[in-house]
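Worksheet: one structure, shown below.
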Amino acid sequence: MTAFQRAYRLTVGTIEIDALLGVGLSALHIAFAVERDVKRNPNGCEIAIWNLSRSSQQALAQLANVPVRLEAGYVGDVGVIFQGDLRSARSRREGTNVVTRVSGGDGEVKIRTARINRTFAAGTPIGTVIGDLGKALGVGEGNLRQFLGARLANGSRSLSRSLTLRGSVFDELEHVTRSCGLEWSIQDSALQLRAAGAPVGDRQGPLLRPDAGLIGEVEVETVAKAEPGFPAGSAKVSGVSLLRGDLIPGVPFRVESQAFTGNLVATSTVHNGDSHSTDSWIIEWTGRPYK
């Protein structure tokens with residue numbers, strides 16, 4: 001894979017923009033930053049497009065409550081790096097160019113509006129409660145069925161007394177999962193459940209090393225004070241690699257470098273791309289070692 005084999009596809013509602021970037025870089029100029037992590041707050045995406053046709057500018061400006069999907073990578077290896085809801089799409093002149101800026105949030109509409117009002121009897125498996133909350137959230141199922149199937153099969157904890165959930169699904173799901181030592185987030189408009197500090201079990205990220213996408217050396221630090229995803233005393237590993245779609249928060253991957261060799265679960269990623277810059281088509285990632 002070289003810098004001259006990059007490709008992307010942006011879809012906003014029914015409007016599609018795509019390109020295979022060649023040596024001349026004559027395709028439409030696009031730049032993006034996709035920030036994702038394992039926290040419950042929605043992931044975000046900011047996209048800029050230069051000199052889009054006037055008809056496309058007008059069509060984008062009229063859209064509301066539609067999906068945004070951004071795929072990027074290299075020829076033969078293009079993956080989804082963001083899938084969520086449109087926040088805004090506005091065009092304005094900046095110097096000699098007209099720049100259209102598209103903003104998106106992952107599962108943002110459902111997180112803001114999903115409500116629940118239900119009582120669960122004593123003896124109800126906790127997995128059943130989480131399953132109903134996950135469905136009530138209204139996003140994609142993600143790994144919900146697989147994760148809860150394993151939990152229920154291995155003997156899920158049960159409610160010692162009745163439980164009434166009333167109000168925001170977002171808040172109730174956070175409360176219930178945290179009490180069970182679980183973490184959740186929304187990735188690509190689908191629910192992701194996992195044990196705290198552990199990777200999801202249904203996806204596998206890449207192997208990164210100097211001859212396989214890793215750029216420069218990784219950094220390793222010991223966390224002095226606990227922070228989301230990192231207990232005090234744990235190791236935090238961060239680095240940069242070529243852009244790809246199979247490295248996202250919650251997914252396990254492996255790094256082999258001089259400073260660190262081992263398995264990691266991704267805790268945050270930033271996909272940065274600029275179709276007209278030879279230095280920007282990368283992922284800045286952070287991960288936590290796991291066994």
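Chain labels run A, B, ... following the order of the structure tokens; each chain numbers its residues from 1, and ligands are numbered from 1 in the order shown.
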Once DSSP has gone over the backbone, tell me which residues of range 13-143 of chain A are in strand (DSSP E), as a PyMOL selection string. chain A and resi 15-20+30-37+44-50+67-74+77-94+97-105+115-120
Pick the closest to Asn51 in chain A from A:Lys236, A:Gln5, A:Ser103, A:Val98: which is it, counting only C-alpha atoms?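 Residue with the minimum atom-to-atom distance to Asn51 in chain A: A:Val98.
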For Arg288 in chain A, please output as an mmCIF file with N, CA and C atoms, in the first residue's frame all residues within 9 Å (counting only C-alpha atoms; exclusion window: fewer than 3 positions along the same chain).
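Resulting contents of out_11.cif:
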data_model
loop_
_atom_site.group_PDB
_atom_site.id
_atom_site.type_symbol
_atom_site.label_atom_id
_atom_site.label_comp_id
_atom_site.auth_asym_id
_atom_site.auth_seq_id
_atom_site.Cartn_x
_atom_site.Cartn_y
_atom_site.Cartn_z
ATOM 1 N N GLY A 197 -12.374 -3.359 30.700
ATOM 2 C CA GLY A 197 -10.972 -3.596 30.404
ATOM 3 C C GLY A 197 -10.690 -4.697 29.413
ATOM 4 N N GLY A 229 -10.956 3.749 31.308
ATOM 5 C CA GLY A 229 -10.280 2.691 30.580
ATOM 6 C C GLY A 229 -8.930 2.298 31.125
ATOM 7 N N PHE A 230 -8.413 3.070 32.104
ATOM 8 C CA PHE A 230 -7.072 2.812 32.613
ATOM 9 C C PHE A 230 -7.042 2.944 34.137
ATOM 10 N N SER A 234 -1.805 1.021 35.553
ATOM 11 C CA SER A 234 -1.846 0.265 34.301
ATOM 12 C C SER A 234 -0.999 0.951 33.238
ATOM 13 N N ALA A 235 -0.693 0.219 32.178
ATOM 14 C CA ALA A 235 0.106 0.749 31.088
ATOM 15 C C ALA A 235 -0.799 1.323 30.001
ATOM 16 N N LYS A 236 -0.396 2.459 29.460
ATOM 17 C CA LYS A 236 -1.094 3.060 28.330
ATOM 18 C C LYS A 236 -0.118 3.081 27.150
ATOM 19 N N VAL A 237 -0.545 2.465 26.054
ATOM 20 C CA VAL A 237 0.304 2.373 24.866
ATOM 21 C C VAL A 237 -0.339 3.186 23.748
ATOM 22 N N SER A 238 0.419 4.038 23.095
ATOM 23 C CA SER A 238 -0.127 4.863 22.018
ATOM 24 C C SER A 238 0.829 4.875 20.836
ATOM 25 N N ASN A 263 -0.481 -7.811 23.083
ATOM 26 C CA ASN A 263 -1.866 -7.615 22.682
ATOM 27 C C ASN A 263 -2.458 -6.397 23.393
ATOM 28 N N LEU A 264 -3.276 -5.637 22.673
ATOM 29 C CA LEU A 264 -3.911 -4.445 23.216
ATOM 30 C C LEU A 264 -5.395 -4.469 22.898
ATOM 31 N N VAL A 265 -6.174 -3.780 23.731
ATOM 32 C CA VAL A 265 -7.555 -3.469 23.383
ATOM 33 C C VAL A 265 -7.591 -1.966 23.153
ATOM 34 N N ALA A 266 -8.085 -1.552 22.000
ATOM 35 C CA ALA A 266 -8.102 -0.128 21.663
ATOM 36 C C ALA A 266 -9.075 0.613 22.567
ATOM 37 N N THR A 267 -8.624 1.717 23.139
ATOM 38 C CA THR A 267 -9.487 2.548 23.980
ATOM 39 C C THR A 267 -9.899 3.840 23.280
#
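Closest approach to Ala195 in chain A from the set A:Val99, A:Leu242, A:Cys180, A:Leu159 is made by A:Cys180, with distances taken over only C-alpha atoms.
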Every residue of range 41-228 of chain A that DSSP places in helix (DSSP H, G or I), as an mmCIF file with C-alpha atoms, in the first residue's frame:
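File written: states29.cif
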data_model
loop_
_atom_site.group_PDB
_atom_site.id
_atom_site.type_symbol
_atom_site.label_atom_id
_atom_site.label_comp_id
_atom_site.auth_asym_id
_atom_site.auth_seq_id
_atom_site.Cartn_x
_atom_site.Cartn_y
_atom_site.Cartn_z
ATOM 1 C CA ARG A 54 -23.600 23.886 -6.174
ATOM 2 C CA SER A 55 -26.387 21.321 -6.619
ATOM 3 C CA SER A 56 -24.720 18.995 -4.105
ATOM 4 C CA GLN A 57 -24.203 21.871 -1.671
ATOM 5 C CA GLN A 58 -27.895 22.740 -1.845
ATOM 6 C CA ALA A 59 -28.977 19.118 -1.524
ATOM 7 C CA LEU A 60 -26.824 18.596 1.583
ATOM 8 C CA ALA A 61 -28.120 21.793 3.186
ATOM 9 C CA GLU A 108 -26.590 10.646 18.749
ATOM 10 C CA VAL A 109 -30.300 10.955 17.933
ATOM 11 C CA LYS A 110 -31.238 7.680 19.657
ATOM 12 C CA ILE A 111 -29.078 8.435 22.691
ATOM 13 C CA ARG A 112 -30.835 11.761 23.117
ATOM 14 C CA THR A 113 -34.400 10.545 22.645
ATOM 15 C CA ILE A 126 -29.471 -9.155 34.781
ATOM 16 C CA GLY A 127 -28.764 -10.185 31.193
ATOM 17 C CA THR A 128 -32.464 -9.857 30.410
ATOM 18 C CA VAL A 129 -32.526 -6.342 31.855
ATOM 19 C CA ILE A 130 -29.489 -5.297 29.811
ATOM 20 C CA GLY A 131 -30.971 -6.912 26.708
ATOM 21 C CA ASP A 132 -34.205 -4.939 27.035
ATOM 22 C CA LEU A 133 -32.259 -1.728 27.619
ATOM 23 C CA GLY A 134 -30.124 -2.409 24.557
ATOM 24 C CA LYS A 135 -33.189 -2.917 22.390
ATOM 25 C CA ALA A 136 -34.878 0.168 23.829
ATOM 26 C CA LEU A 137 -31.848 2.266 22.900
ATOM 27 C CA LEU A 144 -25.686 -7.611 22.182
ATOM 28 C CA ARG A 145 -27.124 -11.048 21.385
ATOM 29 C CA GLN A 146 -23.759 -12.810 21.345
ATOM 30 C CA PHE A 147 -22.545 -11.169 24.538
ATOM 31 C CA LEU A 148 -25.729 -11.794 26.520
ATOM 32 C CA GLY A 149 -26.083 -15.317 25.144
ATOM 33 C CA ALA A 150 -22.729 -16.207 26.647
ATOM 34 C CA ARG A 151 -23.596 -14.492 29.930
ATOM 35 C CA LEU A 152 -26.971 -16.185 30.303
ATOM 36 C CA ALA A 153 -25.537 -19.578 29.346
ATOM 37 C CA VAL A 169 -32.263 4.658 28.358
ATOM 38 C CA PHE A 170 -28.803 6.192 28.085
ATOM 39 C CA ASP A 171 -28.611 6.831 31.857
ATOM 40 C CA GLU A 172 -30.273 3.574 32.914
ATOM 41 C CA LEU A 173 -28.002 1.463 30.706
ATOM 42 C CA GLU A 174 -24.961 3.169 32.186
ATOM 43 C CA HIS A 175 -26.162 2.523 35.735
ATOM 44 C CA VAL A 176 -26.994 -1.163 35.209
ATOM 45 C CA THR A 177 -23.857 -2.074 33.236
ATOM 46 C CA ARG A 178 -21.540 -0.294 35.643
ATOM 47 C CA SER A 179 -23.048 -2.183 38.592
#
Range 100-125 of chain A residues near range 9-18 of chain A within 12 Å, closest pair each, using only C-alpha atoms, as a Markdown table:
| residue | atom | partner | partner_atom | distance |
| --- | --- | --- | --- | --- |
| A:Arg101 | CA | A:Val12 | CA | 12.0 |
| A:Val102 | CA | A:Val12 | CA | 8.9 |
| A:Ser103 | CA | A:Val12 | CA | 10.4 |
| A:Gly104 | CA | A:Val12 | CA | 9.8 |
Distance CA of His271 in chain A-CA of Arg87 in chain A, one decimal place?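 Straight-line distance from CA of His271 in chain A to CA of Arg87 in chain A works out to 18.8 Å.
Between Gly140 in chain A and the residues A:Asp211, A:Asp106, A:Glu46, A:Asp246, the shortest atom-to-atom distance, using only C-alpha atoms, involves A:Asp106.
CA of Arg209 in chain A lies 20.7 Å from CA of Ala72 in chain A.
One distance worth recording is that between CA of Val66 in chain A and CA of Ala31 in chain A, which is 20.6 Å.
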Using only C-alpha atoms, can you tell me which of A:Thr124, A:Asn272, A:Asn143, A:Asn65 comes closest to Ile186 in chain A? A:Asn143
List the spatial neighbours of Asp274 in chain A as an MDAnalysis selection string - criterion: any atom at most 8 Å away, only C-alpha atoms, same-chain residues fewer than 6 positions off excluded. chainID A and resid 29:32 280:281
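Closest approach to Ala64 in chain A from the set A:Arg90, A:Arg161, A:Arg203, A:Lys39 is made by A:Arg90, with distances taken over only C-alpha atoms.
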Contacts of Ala196 in chain A at 8 Å (only C-alpha atoms; same-chain gap of 4+ positions) as JSON, numbers by chain: {"A": [181, 182, 183, 229]}
Kindly indicate which residue among A:Ile116, A:Ala190, A:Ala121, A:Ala48 lies nearest to Arg92 in chain A, using only C-alpha atoms for the distances. A:Ala48
